[in-house]
Amino acid sequence: MNFEDFCEQVIKIKNLPLPGSTSHYKMEPEERKKWRETNPLKGLRPKRAGVMALFYPSIQNTTQLLLILRKTYQGVHSNQIGFPGGKVEKSDKDLLHTALRETSEEVGVPENSVTVLKQLTEVYIPPSNFLVQPFVGLYETPRPFIIQEEEVEALVEVRLDDFLNEQNEIAQRLTTSYANNILVPAFKLNGYTVWGATAMMLNEIKDLLSKVL
């Protein structure tokens, strides 16, 4: 889909109710489901983070979605696919500011160049005790991305058509930070297996887009 047509249609998601947990649970690993059913979120005092699902035009004017491959480091999200974004800092006025600031820092997108369409349903990540607030935004006149090399290993620029293609929804056995050799639902995008919280957020976006595109 070309980007102009996408922008004309996607704005309609502003008026749609959020699918929320219904979308998330379709991409939830079984071990996480077991954890959720026995561990109420109340009282955990999670850290907060904001991330941005950014849609933008390619050079050929097709619609793309930006994901990033994180650096390898000593932590539970090492070398995983995610959205640009990160944890709240004291100077942030709200979670949207966090998402925009972190997106600017990690991939060089100016904060004032993003048209924010919708705040999505937050997702809790048990291994790191983070409660993540995602947003959907349009980057209509993109400049070349600038990677923050300390945080980002590579850009993962996903074609909208590939993201929406049901054949790219898979189940794969993985060893995670909390279990060995478990079968997890995932997206296969640009050769990467995208699972866990990122897949859950992506599925809510996909369910919203299916109602307007």
# chains A, B, ... in the order shown; residues from 1 in each chain; ligands from 1
$ residues_around --residues "segment 133-146 of chain A" --least-positions-apart "4" --cutoff "9 Å" --atoms "only C-alpha atoms" --output "MDAnalysis selection string"
chainID A and resid 3 7 48:58 83 85 95:96 99 104:109 113:124 155 201 205
$ write_last_selection --atoms "N, CA and C atoms" --output "CSV table (one decimal), in the first residue's frame"
chain,number,residue,atom,x,y,z
A,3,PHE,N,2.0,5.1,0.7
A,3,PHE,CA,1.9,5.8,2.0
A,3,PHE,C,0.7,6.8,2.1
A,7,CYS,N,-2.1,6.7,5.0
A,7,CYS,CA,-2.4,7.8,5.9
A,7,CYS,C,-3.9,8.1,5.9
A,48,ARG,N,8.3,2.1,34.4
A,48,ARG,CA,7.5,2.5,33.2
A,48,ARG,C,8.4,2.8,32.0
A,49,ALA,N,7.8,2.5,30.9
A,49,ALA,CA,8.5,2.8,29.6
A,49,ALA,C,7.5,3.2,28.5
A,50,GLY,N,7.9,3.9,27.5
A,50,GLY,CA,7.1,4.3,26.4
A,50,GLY,C,7.8,3.9,25.1
A,51,VAL,N,7.0,3.4,24.2
A,51,VAL,CA,7.6,3.0,22.9
A,51,VAL,C,6.7,3.5,21.7
A,52,MET,N,7.3,3.6,20.5
A,52,MET,CA,6.6,4.2,19.4
A,52,MET,C,6.6,3.2,18.2
A,53,ALA,N,5.4,2.8,17.8
A,53,ALA,CA,5.2,2.1,16.5
A,53,ALA,C,5.1,3.1,15.4
A,54,LEU,N,6.2,3.2,14.6
A,54,LEU,CA,6.3,4.3,13.7
A,54,LEU,C,6.1,3.8,12.2
A,55,PHE,N,5.1,4.4,11.5
A,55,PHE,CA,4.9,4.1,10.1
A,55,PHE,C,5.4,5.2,9.3
A,56,TYR,N,6.0,4.9,8.1
A,56,TYR,CA,6.7,5.9,7.3
A,56,TYR,C,6.8,5.4,5.9
A,57,PRO,N,7.0,6.3,4.9
A,57,PRO,CA,7.2,5.8,3.5
A,57,PRO,C,8.6,5.4,3.2
A,58,SER,N,8.7,4.4,2.4
A,58,SER,CA,10.0,4.0,1.8
A,58,SER,C,10.4,4.9,0.7
A,83,PHE,N,10.3,-2.1,19.6
A,83,PHE,CA,10.0,-0.8,19.0
A,83,PHE,C,11.1,0.2,19.6
A,85,GLY,N,12.2,3.1,21.7
A,85,GLY,CA,11.5,3.6,23.0
A,85,GLY,C,12.4,3.1,24.2
A,95,LEU,N,4.3,9.7,29.4
A,95,LEU,CA,4.8,8.6,28.7
A,95,LEU,C,4.9,8.8,27.2
A,96,LEU,N,4.1,9.7,26.6
A,96,LEU,CA,4.2,10.0,25.2
A,96,LEU,C,5.6,10.8,25.0
A,99,ALA,N,8.3,8.2,24.9
A,99,ALA,CA,8.3,7.5,23.7
A,99,ALA,C,9.0,8.3,22.6
A,104,SER,N,13.7,9.6,19.3
A,104,SER,CA,14.7,10.5,18.7
A,104,SER,C,16.1,10.1,19.1
A,105,GLU,N,16.3,9.7,20.3
A,105,GLU,CA,17.7,9.3,20.7
A,105,GLU,C,18.1,8.0,20.0
A,106,GLU,N,17.3,7.0,19.8
A,106,GLU,CA,17.7,5.7,19.3
A,106,GLU,C,17.8,5.7,17.8
A,107,VAL,N,16.9,6.4,17.1
A,107,VAL,CA,16.9,6.3,15.6
A,107,VAL,C,16.9,7.6,14.9
A,108,GLY,N,17.1,8.7,15.7
A,108,GLY,CA,17.2,10.0,15.1
A,108,GLY,C,16.0,10.7,14.5
A,109,VAL,N,14.8,10.3,15.0
A,109,VAL,CA,13.6,10.9,14.5
A,109,VAL,C,13.2,12.1,15.3
A,113,SER,N,8.4,15.7,14.5
A,113,SER,CA,8.1,15.3,13.2
A,113,SER,C,7.1,14.1,13.2
A,114,VAL,N,6.7,13.6,14.4
A,114,VAL,CA,5.9,12.5,14.5
A,114,VAL,C,4.4,12.9,14.7
A,115,THR,N,3.5,12.4,13.9
A,115,THR,CA,2.1,12.7,14.2
A,115,THR,C,1.6,11.5,14.9
A,116,VAL,N,1.2,11.7,16.2
A,116,VAL,CA,0.8,10.6,17.0
A,116,VAL,C,-0.7,10.3,16.8
A,117,LEU,N,-1.0,9.1,16.4
A,117,LEU,CA,-2.4,8.7,16.1
A,117,LEU,C,-3.2,8.1,17.3
A,118,LYS,N,-2.5,7.3,18.1
A,118,LYS,CA,-3.3,6.6,19.1
A,118,LYS,C,-2.4,6.1,20.2
A,119,GLN,N,-2.9,6.1,21.4
A,119,GLN,CA,-2.2,5.4,22.5
A,119,GLN,C,-2.8,4.0,22.6
A,120,LEU,N,-2.0,3.0,22.7
A,120,LEU,CA,-2.5,1.6,22.7
A,120,LEU,C,-2.6,1.1,24.1
A,121,THR,N,-2.8,-0.2,24.2
A,121,THR,CA,-3.0,-0.8,25.5
A,121,THR,C,-1.6,-1.2,26.1
A,122,GLU,N,-1.4,-0.8,27.3
A,122,GLU,CA,-0.1,-1.1,27.9
A,122,GLU,C,0.1,-2.6,28.1
A,123,VAL,N,1.4,-3.0,28.2
A,123,VAL,CA,1.8,-4.4,28.3
A,123,VAL,C,2.8,-4.5,29.4
A,124,TYR,N,2.6,-5.5,30.3
A,124,TYR,CA,3.5,-5.8,31.4
A,124,TYR,C,4.5,-6.8,31.0
A,155,LEU,N,18.5,-1.5,12.3
A,155,LEU,CA,17.1,-1.2,12.0
A,155,LEU,C,16.4,-2.4,11.3
A,201,MET,N,2.0,-6.4,21.3
A,201,MET,CA,1.7,-5.0,20.9
A,201,MET,C,1.5,-5.0,19.4
A,205,ILE,N,-2.0,-3.7,17.1
A,205,ILE,CA,-1.9,-2.8,15.9
A,205,ILE,C,-2.5,-3.5,14.7
$ select_by_dssp --residues "segment 79-211 of chain A" --states "strand (DSSP E)" --output "JSON, numbers by chain"
{"A": [81, 82, 85, 86, 87, 115, 116, 117, 118, 119, 123, 124, 125, 130, 131, 132, 133, 134, 135, 136, 137, 138, 152, 153, 154, 155, 156, 157, 158, 159, 169, 170, 171, 172, 173, 174, 182, 183, 184, 185, 186, 187, 188, 189, 192, 193, 194, 195]}
$ closest_residue --among "A:Phe130, A:Ile68, A:Thr63, A:Leu202" --to "Val10 of chain A" --atoms "only C-alpha atoms"
A:Thr63
$ atom_distance --atom1 "atom CA of Leu213 of chain A" --atom2 "atom CA of Gln9 of chain A"
6.1 Å
$ select_by_dssp --residues "segment 20-107 of chain A" --states "alpha helix (DSSP H)" --output "list in words"
Ser21, Thr22, Ser23, His24, Glu30, Glu31, Arg32, Lys33, Lys34, Trp35, Arg36, Glu37, Thr38, Leu95, Leu96, His97, Thr98, Ala99, Leu100, Arg101, Glu102, Thr103, Ser104, Glu105, Glu106 and Val107 of chain A
$ atom_distance --atom1 "atom CA of Glu28 of chain A" --atom2 "atom CA of Arg159 of chain A"
23.3 Å
$ atom_distance --atom1 "atom CA of Ala154 of chain A" --atom2 "atom CA of Gly86 of chain A"
16.2 Å
$ closest_residue --among "A:Gln172, A:Thr193, A:Thr72, A:Thr198" --to "Val132 of chain A" --atoms "only C-alpha atoms"
A:Thr198
$ closest_residue --among "A:Ser210, A:Ser128, A:Asn61, A:Ser91" --to "Pro46 of chain A" --atoms "only C-alpha atoms"
A:Ser128
